[in-house]
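Enquirer: See query.txt below, with compact mmCIF, C-alpha atoms.
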# COMPACT_ATOMS: atom_id res chain seq x y z
CA PRO A 1 72.73 -73.82 140.54
CA GLU A 2 74.94 -71.12 139.09
CA LYS A 3 73.23 -68.62 136.80
CA GLY A 4 74.32 -68.17 133.21
CA PRO A 5 75.86 -64.92 131.95
CA GLN A 6 73.71 -61.78 132.05
CA VAL A 7 73.66 -59.16 129.32
CA ARG A 8 72.14 -56.30 131.27
CA GLY A 9 74.28 -53.30 132.23
CA SER A 10 76.01 -53.94 135.54
CA THR A 11 78.84 -53.07 137.87
CA SER A 12 81.25 -55.80 138.92
CA ARG A 13 82.05 -56.65 142.51
CA ALA A 14 85.51 -55.93 143.83
CA GLY A 15 87.86 -58.70 142.85
CA GLY A 16 86.26 -59.37 139.48
CA GLY A 17 83.19 -61.22 140.78
CA SER A 18 79.92 -61.45 138.91
CA ALA A 19 77.61 -58.43 138.62
CA TRP A 20 74.88 -57.59 141.09
CA SER A 21 71.71 -59.08 139.65
CA GLU A 22 68.91 -56.89 138.30
CA GLU A 23 66.49 -59.81 138.26
CA ARG A 24 63.35 -59.13 140.29
CA ILE A 25 63.23 -61.06 143.57
CA ASP A 26 59.92 -62.80 144.25
CA PHE A 27 58.90 -62.20 147.87
CA SER A 28 55.38 -63.63 147.41
CA PRO A 29 56.23 -66.93 149.18
CA LEU A 30 56.40 -64.93 152.44
CA SER A 31 52.60 -64.63 152.31
CA LEU A 32 51.84 -68.29 151.62
CA ALA A 33 52.06 -69.63 155.17
CA ASP A 34 52.72 -69.07 158.83
CA ALA A 35 55.49 -71.24 160.20
CA ASN A 36 57.79 -71.84 163.15
CA LEU A 37 60.60 -74.24 162.29
CA THR A 38 63.97 -75.39 163.55
CA VAL A 39 66.31 -76.89 160.95
CA SER A 40 69.67 -78.63 161.21
CA VAL A 41 71.68 -79.21 158.03
CA ASP A 42 75.09 -80.64 157.19
CA ARG A 43 75.97 -77.62 155.06
CA LEU A 44 74.63 -74.51 153.35
CA VAL A 45 75.84 -73.09 150.03
CA HIS A 46 75.21 -69.57 148.69
CA ARG A 47 77.09 -68.77 145.49
CA ASN A 48 80.69 -69.72 146.39
CA VAL A 49 80.29 -69.42 150.17
CA LYS A 50 79.98 -72.74 151.99
CA THR A 51 79.26 -73.61 155.62
CA GLY A 52 79.60 -76.74 157.66
CA PRO A 53 76.95 -78.05 160.07
CA THR A 54 74.36 -75.34 160.73
CA ARG A 55 71.35 -75.02 163.00
CA LEU A 56 68.78 -72.33 162.32
CA SER A 57 65.23 -71.41 163.26
CA LEU A 58 62.63 -69.78 161.03
CA LYS A 59 59.60 -67.80 162.13
CA LEU A 60 57.31 -66.82 159.28
CA GLY A 61 54.13 -64.76 159.54
CA ASP A 62 52.43 -61.65 158.17
CA LYS A 63 54.84 -61.56 155.19
CA VAL A 64 57.87 -61.36 157.51
CA ALA A 65 60.53 -64.06 157.85
CA ASP A 66 62.89 -64.00 160.82
CA ILE A 67 65.80 -66.41 160.48
CA ALA A 68 68.04 -67.05 163.48
CA LEU A 69 71.42 -68.66 162.80
CA GLU A 70 71.84 -70.36 166.15
CA GLU A 71 75.04 -72.21 165.29
CA MET A 72 77.03 -72.23 162.07
CA GLN A 73 80.45 -73.72 161.38
CA LEU A 74 82.36 -72.19 158.49
CA TYR A 75 85.95 -71.68 157.33
CA GLY A 76 87.42 -73.04 160.54
CA GLY A 77 85.33 -70.78 162.78
CA ARG A 78 81.78 -70.22 163.95
CA GLY A 79 78.97 -67.85 163.15
CA ARG A 80 75.65 -66.73 164.58
CA GLY A 81 73.15 -64.02 163.83
CA MET A 82 69.75 -62.88 162.64
CA LEU A 83 68.27 -62.18 159.21
CA ARG A 84 64.89 -60.53 158.54
CA LEU A 85 63.05 -60.46 155.21
CA ASP A 86 60.11 -58.06 155.33
CA GLY A 87 57.67 -58.18 152.43
CA ARG A 88 54.88 -56.10 153.94
CA GLY A 89 55.61 -52.84 152.13
CA GLU A 90 55.64 -51.94 148.46
CA VAL A 91 59.43 -52.25 148.56
CA PRO A 92 60.70 -55.34 150.42
CA ALA A 93 63.31 -54.74 153.11
CA THR A 94 66.07 -56.83 154.64
CA ARG A 95 68.11 -56.57 157.81
CA ALA A 96 71.05 -58.69 158.95
CA ASN A 97 73.09 -58.91 162.14
CA LEU A 98 75.88 -61.46 161.92
CA THR A 99 79.01 -62.30 163.89
CA LEU A 100 81.75 -64.62 162.64
CA GLU A 101 84.47 -65.69 165.05
CA GLY A 102 87.81 -67.32 164.31
CA VAL A 103 87.19 -67.79 160.58
CA SER A 104 90.06 -68.26 158.15
CA ALA A 105 90.15 -64.95 156.28
CA GLN A 106 91.73 -65.99 152.99
CA PRO A 107 89.28 -68.70 151.83
CA LEU A 108 86.25 -66.82 153.20
CA LEU A 109 87.08 -63.54 151.45
CA LYS A 110 88.06 -65.34 148.26
CA ASP A 111 84.73 -67.17 148.11
CA ALA A 112 82.63 -64.19 149.25
CA LEU A 113 84.34 -61.23 147.56
CA GLY A 114 86.87 -62.62 145.10
CA PHE A 115 90.14 -61.47 146.71
CA ASP A 116 92.72 -63.57 148.54
CA TRP A 117 95.45 -61.19 149.77
CA LEU A 118 94.54 -61.31 153.48
CA GLU A 119 95.62 -64.23 155.66
CA GLY A 120 94.90 -64.89 159.32
CA ARG A 121 92.05 -65.59 161.73
CA SER A 122 89.24 -63.05 161.60
CA THR A 123 86.38 -61.89 163.76
CA ILE A 124 83.74 -60.07 161.71
CA ALA A 125 80.62 -58.33 163.03
CA LEU A 126 78.14 -56.75 160.66
CA ALA A 127 74.84 -54.94 161.05
CA LEU A 128 73.27 -54.06 157.70
CA ALA A 129 69.90 -53.05 156.31
CA GLY A 130 68.67 -52.45 152.77
CA GLN A 131 65.59 -52.47 150.61
CA GLY A 132 64.67 -53.11 147.01
CA ILE A 133 63.11 -55.53 144.56
CA THR A 134 66.44 -56.62 143.04
CA GLU A 135 69.84 -57.57 144.41
CA ARG A 136 71.35 -54.41 142.90
CA GLN A 137 68.77 -52.16 144.61
CA MET A 138 69.42 -53.82 147.96
CA ILE A 139 73.17 -53.31 147.61
CA GLU A 140 72.76 -49.67 146.55
CA THR A 141 70.59 -48.91 149.61
CA LEU A 142 72.71 -50.74 152.19
CA ASN A 143 73.32 -48.88 155.44
CA GLY A 144 75.07 -50.08 158.56
CA LYS A 145 78.46 -51.04 159.91
CA VAL A 146 81.05 -53.79 159.55
CA GLU A 147 83.84 -54.38 162.08
CA MET A 148 86.69 -56.71 161.20
CA THR A 149 89.78 -57.81 163.13
CA THR A 150 92.32 -60.28 161.75
CA VAL A 151 95.15 -61.57 163.93
CA ASN A 152 98.46 -63.34 163.37
CA GLY A 153 98.27 -63.13 159.59
CA ALA A 154 99.82 -61.53 156.54
CA ILE A 155 99.04 -59.28 153.60
CA GLY A 156 99.98 -61.05 150.40
CA GLY A 157 101.75 -59.51 147.42
CA ILE A 158 103.58 -56.75 149.28
CA ASP A 159 106.64 -56.56 151.54
CA VAL A 160 106.45 -53.33 153.54
CA ASP A 161 109.98 -53.68 154.97
CA LYS A 162 111.40 -54.08 151.46
CA ILE A 163 109.47 -51.04 150.22
CA LEU A 164 110.78 -48.89 153.09
CA ARG A 165 114.35 -50.01 152.40
CA ASN A 166 113.98 -49.12 148.72
CA ILE A 167 112.63 -45.68 149.63
CA GLU A 168 115.60 -45.08 151.92
CA ARG A 169 117.94 -46.01 149.07
CA GLY A 170 116.06 -43.90 146.53
CA ARG A 171 114.93 -46.91 144.50
CA PHE A 172 111.49 -45.60 143.69
CA GLY A 173 111.16 -47.87 140.67
CA GLU A 174 111.12 -50.93 142.94
CA LEU A 175 108.01 -50.13 145.00
CA GLY A 176 105.51 -52.43 143.25
CA THR A 177 103.81 -55.58 144.45
CA SER A 178 105.19 -59.01 143.71
CA ALA A 179 103.75 -62.51 143.89
CA GLY A 180 105.12 -64.50 146.80
CA GLU A 181 105.93 -61.49 148.96
CA LYS A 182 104.13 -60.97 152.27
CA THR A 183 103.93 -58.56 155.18
CA ALA A 184 103.21 -60.33 158.45
CA PHE A 185 101.16 -58.62 161.17
CA THR A 186 99.93 -59.24 164.69
CA GLU A 187 96.64 -57.40 164.13
CA PHE A 188 94.92 -55.88 161.11
CA ALA A 189 91.61 -54.21 161.95
CA GLY A 190 89.12 -51.55 161.00
CA THR A 191 85.52 -50.38 161.11
CA TYR A 192 83.57 -49.67 157.93
CA ALA A 193 80.57 -47.34 157.95
CA ILE A 194 78.21 -48.09 155.08
CA ALA A 195 75.79 -45.55 153.60
CA ASP A 196 73.86 -45.99 150.35
CA GLY A 197 75.93 -49.03 149.44
CA VAL A 198 79.33 -47.33 149.90
CA ALA A 199 81.72 -48.41 152.67
CA ARG A 200 84.15 -45.92 154.23
CA ASN A 201 86.92 -46.52 156.74
CA GLN A 202 88.64 -43.96 158.97
CA ASP A 203 90.42 -46.15 161.54
CA LEU A 204 92.35 -48.86 159.65
CA ARG A 205 95.19 -50.08 161.83
Would it be possible to restate this file's structure as structure tokens?
Expert:
Amino acid sequence: PEKGPQVRGSTSRAGGGSAWSEERIDFSPLSLADANLTVSVDRLVHRNVKTGPTRLSLKLGDKVADIALEEMQLYGGRGRGMLRLDGRGEVPATRANLTLEGVSAQPLLKDALGFDWLEGRSTIALALAGQGITERQMIETLNGKVEMTTVNGAIGGIDVDKILRNIERGRFGELGTSAGEKTAFTEFAGTYAIADGVARNQDLR
């Protein structure tokens, strides 16, 4: 279920999404049992992100949970990967390696991050690690890398050809974005290095 509004100080996600939670995460269930499970479900839901049929395995022991996403259908594509939750130390740690192939970029990014200006089919590979006792702490300690390639799509709200024509004609007052305009592309790609929760890109193409 969706949480109600929070009154603590917070920083919003890009795109106007809700704030990173400062509520303490309870990792004690990791110590309650040892388990080795395989689960198939019709769908998974986390916040606004939804998947189709998913098969995953869970290995739980010594306060460590290893979750393998063996097959996951989502947003017209497929995903697979690994997630580790480690509750052995004073500060719990997480690590994720995930690959999404052929997903529809616009609905995925809208549901996950709150923006919908990128259209096309995307392949996304991420390797991230963080630690903390709250969602905010985990985000602020994230380190890793995200690679994203989107093909045969468009950037919404901007027409690059129109902007270049206006520059040539000296119409600098007509360089803004406009609803309904698009710039089509064959490939839109980049690699994002993440350190202490901040992502930087040097190779956007």
Enquirer: State, in Å with one decimal place, the distance from atom CA of Asn97 of chain A to atom CA of Ala129 of chain A.
Expert: 8.9 Å
Enquirer: May I ask which of the residues A:Pro53, A:Gly89, A:Gly120, A:Gly81 is the closest one to Met148 of chain A, counting all atoms listed in the file?
Expert: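 Using all atoms listed in the file, the shortest distance to Met148 of chain A belongs to A:Gly120.
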Enquirer: Around all listed atoms of segment 181-187 of chain A, padded 6 Å per side, what centre and edge lengths does the axis-aligned box have in Å to one decimal, as lines of an AutoDock Vina configuration file?
Expert:
center_x = 101.3
center_y = -59.4
center_z = 156.8
size_x = 21.3
size_y = 16.1
size_z = 27.7
Enquirer: Pick the closest to Ala68 of chain A from A:Thr183, A:Thr134, A:Gln106, A:Ser40: which is it, counting all atoms listed in the file?
Expert: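 Checking each of A:Thr183, A:Thr134, A:Gln106, A:Ser40 against Ala68 of chain A, counting all atoms listed in the file, the winner is A:Ser40.
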Enquirer: Ranking A:Trp20, A:Tyr75, A:Tyr192, A:Trp117 by minimum distance to Asn143 of chain A and counting only C-alpha atoms, which one comes first?
Expert: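 The answer is A:Tyr192, which sits nearest to Asn143 of chain A.
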Enquirer: In Å to one decimal, how far is atom CA of Arg78 of chain A from atom CA of Ser57 of chain A?
Expert: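 Calculated distance between atom CA of Ser57 of chain A and atom CA of Arg78 of chain A is 16.6 Å.
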Enquirer: Which residues are near segment 41-45 of chain A? Cut-off 9 Å, only C-alpha atoms, ignore same chain within fewer than 4 positions. Put them as number ranges by chain.
Expert: A: 49-56, 72-73
Enquirer: Rank A:Asp26, A:Glu181, A:Glu70, A:Pro107 by their smallest atom-to-atom distance to Lys162 of chain A, using only C-alpha atoms, and report the top residue only.
Expert: A:Glu181
Enquirer: As an exercise, work out the distance from atom CA of Ala184 of chain A to atom CA of Arg205 of chain A in Å and give it to one decimal place.
Expert: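 Atom CA of Arg205 of chain A lies at a distance of 13.4 Å from atom CA of Ala184 of chain A.
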Enquirer: Can you tell me which residues surround Arg95 of chain A at a distance of at most 7 Å, considering all atoms listed in the file, apart from same-chain residues fewer than 5 positions away, and format the answer as a VMD selection string?
Expert: chain A and resid 83 to 85 128 to 130
Enquirer: If you count only C-alpha atoms, which residues fall within 7 Å of segment 99-105 of chain A, apart from same-chain ones fewer than 2 positions away, as a PyMOL selection string?
Expert: chain A and resi 74-81+107-109+118-126
Enquirer: Find, counting all atoms listed in the file, the residue in A:Ile158, A:Arg169, A:Thr149, A:Gln137 that gets nearest to Ala189 of chain A.
Expert: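 The closest residue to Ala189 of chain A is A:Thr149.
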Enquirer: Within 10 Å of Pro92 of chain A, counting only C-alpha atoms, which residues show up once you throw out same-chain ones fewer than 4 positions away? Write them as a PyMOL selection string, please.
Expert: chain A and resi 25-27+63-64+85-88+130-134+138
Enquirer: Would you kindly return, as a list in words, each protein, DNA or RNA residue with an atom no farther than 6 Å from any atom of Ala193 of chain A, considering all atoms listed in the file and excluding same-chain residues fewer than 2 positions away?
Expert: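 Using all atoms listed in the file, the neighbours found are Lys145, Ala199 and Arg200 of chain A.
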Enquirer: Counting all atoms listed in the file, select every polymer residue within 7 Å of (95.2, -63.7, 165.5) as defined in the file's coordinates, and provide the selection as a PyMOL selection string.
Expert: chain A and resi 120-121+150-153+186-187
Enquirer: Take the residues from that selection and write them out as a short mmCIF file (atom, residue, chain, number, x, y, z; two decimals), keeping the file's coordinate frame, keeping C-alpha atoms.
Expert:
data_model
loop_
_atom_site.label_atom_id
_atom_site.label_comp_id
_atom_site.auth_asym_id
_atom_site.auth_seq_id
_atom_site.Cartn_x
_atom_site.Cartn_y
_atom_site.Cartn_z
CA GLY A 120 94.90 -64.89 159.32
CA ARG A 121 92.05 -65.59 161.73
CA THR A 150 92.32 -60.28 161.75
CA VAL A 151 95.15 -61.57 163.93
CA ASN A 152 98.46 -63.34 163.37
CA GLY A 153 98.27 -63.13 159.59
CA THR A 186 99.93 -59.24 164.69
CA GLU A 187 96.64 -57.40 164.13
#
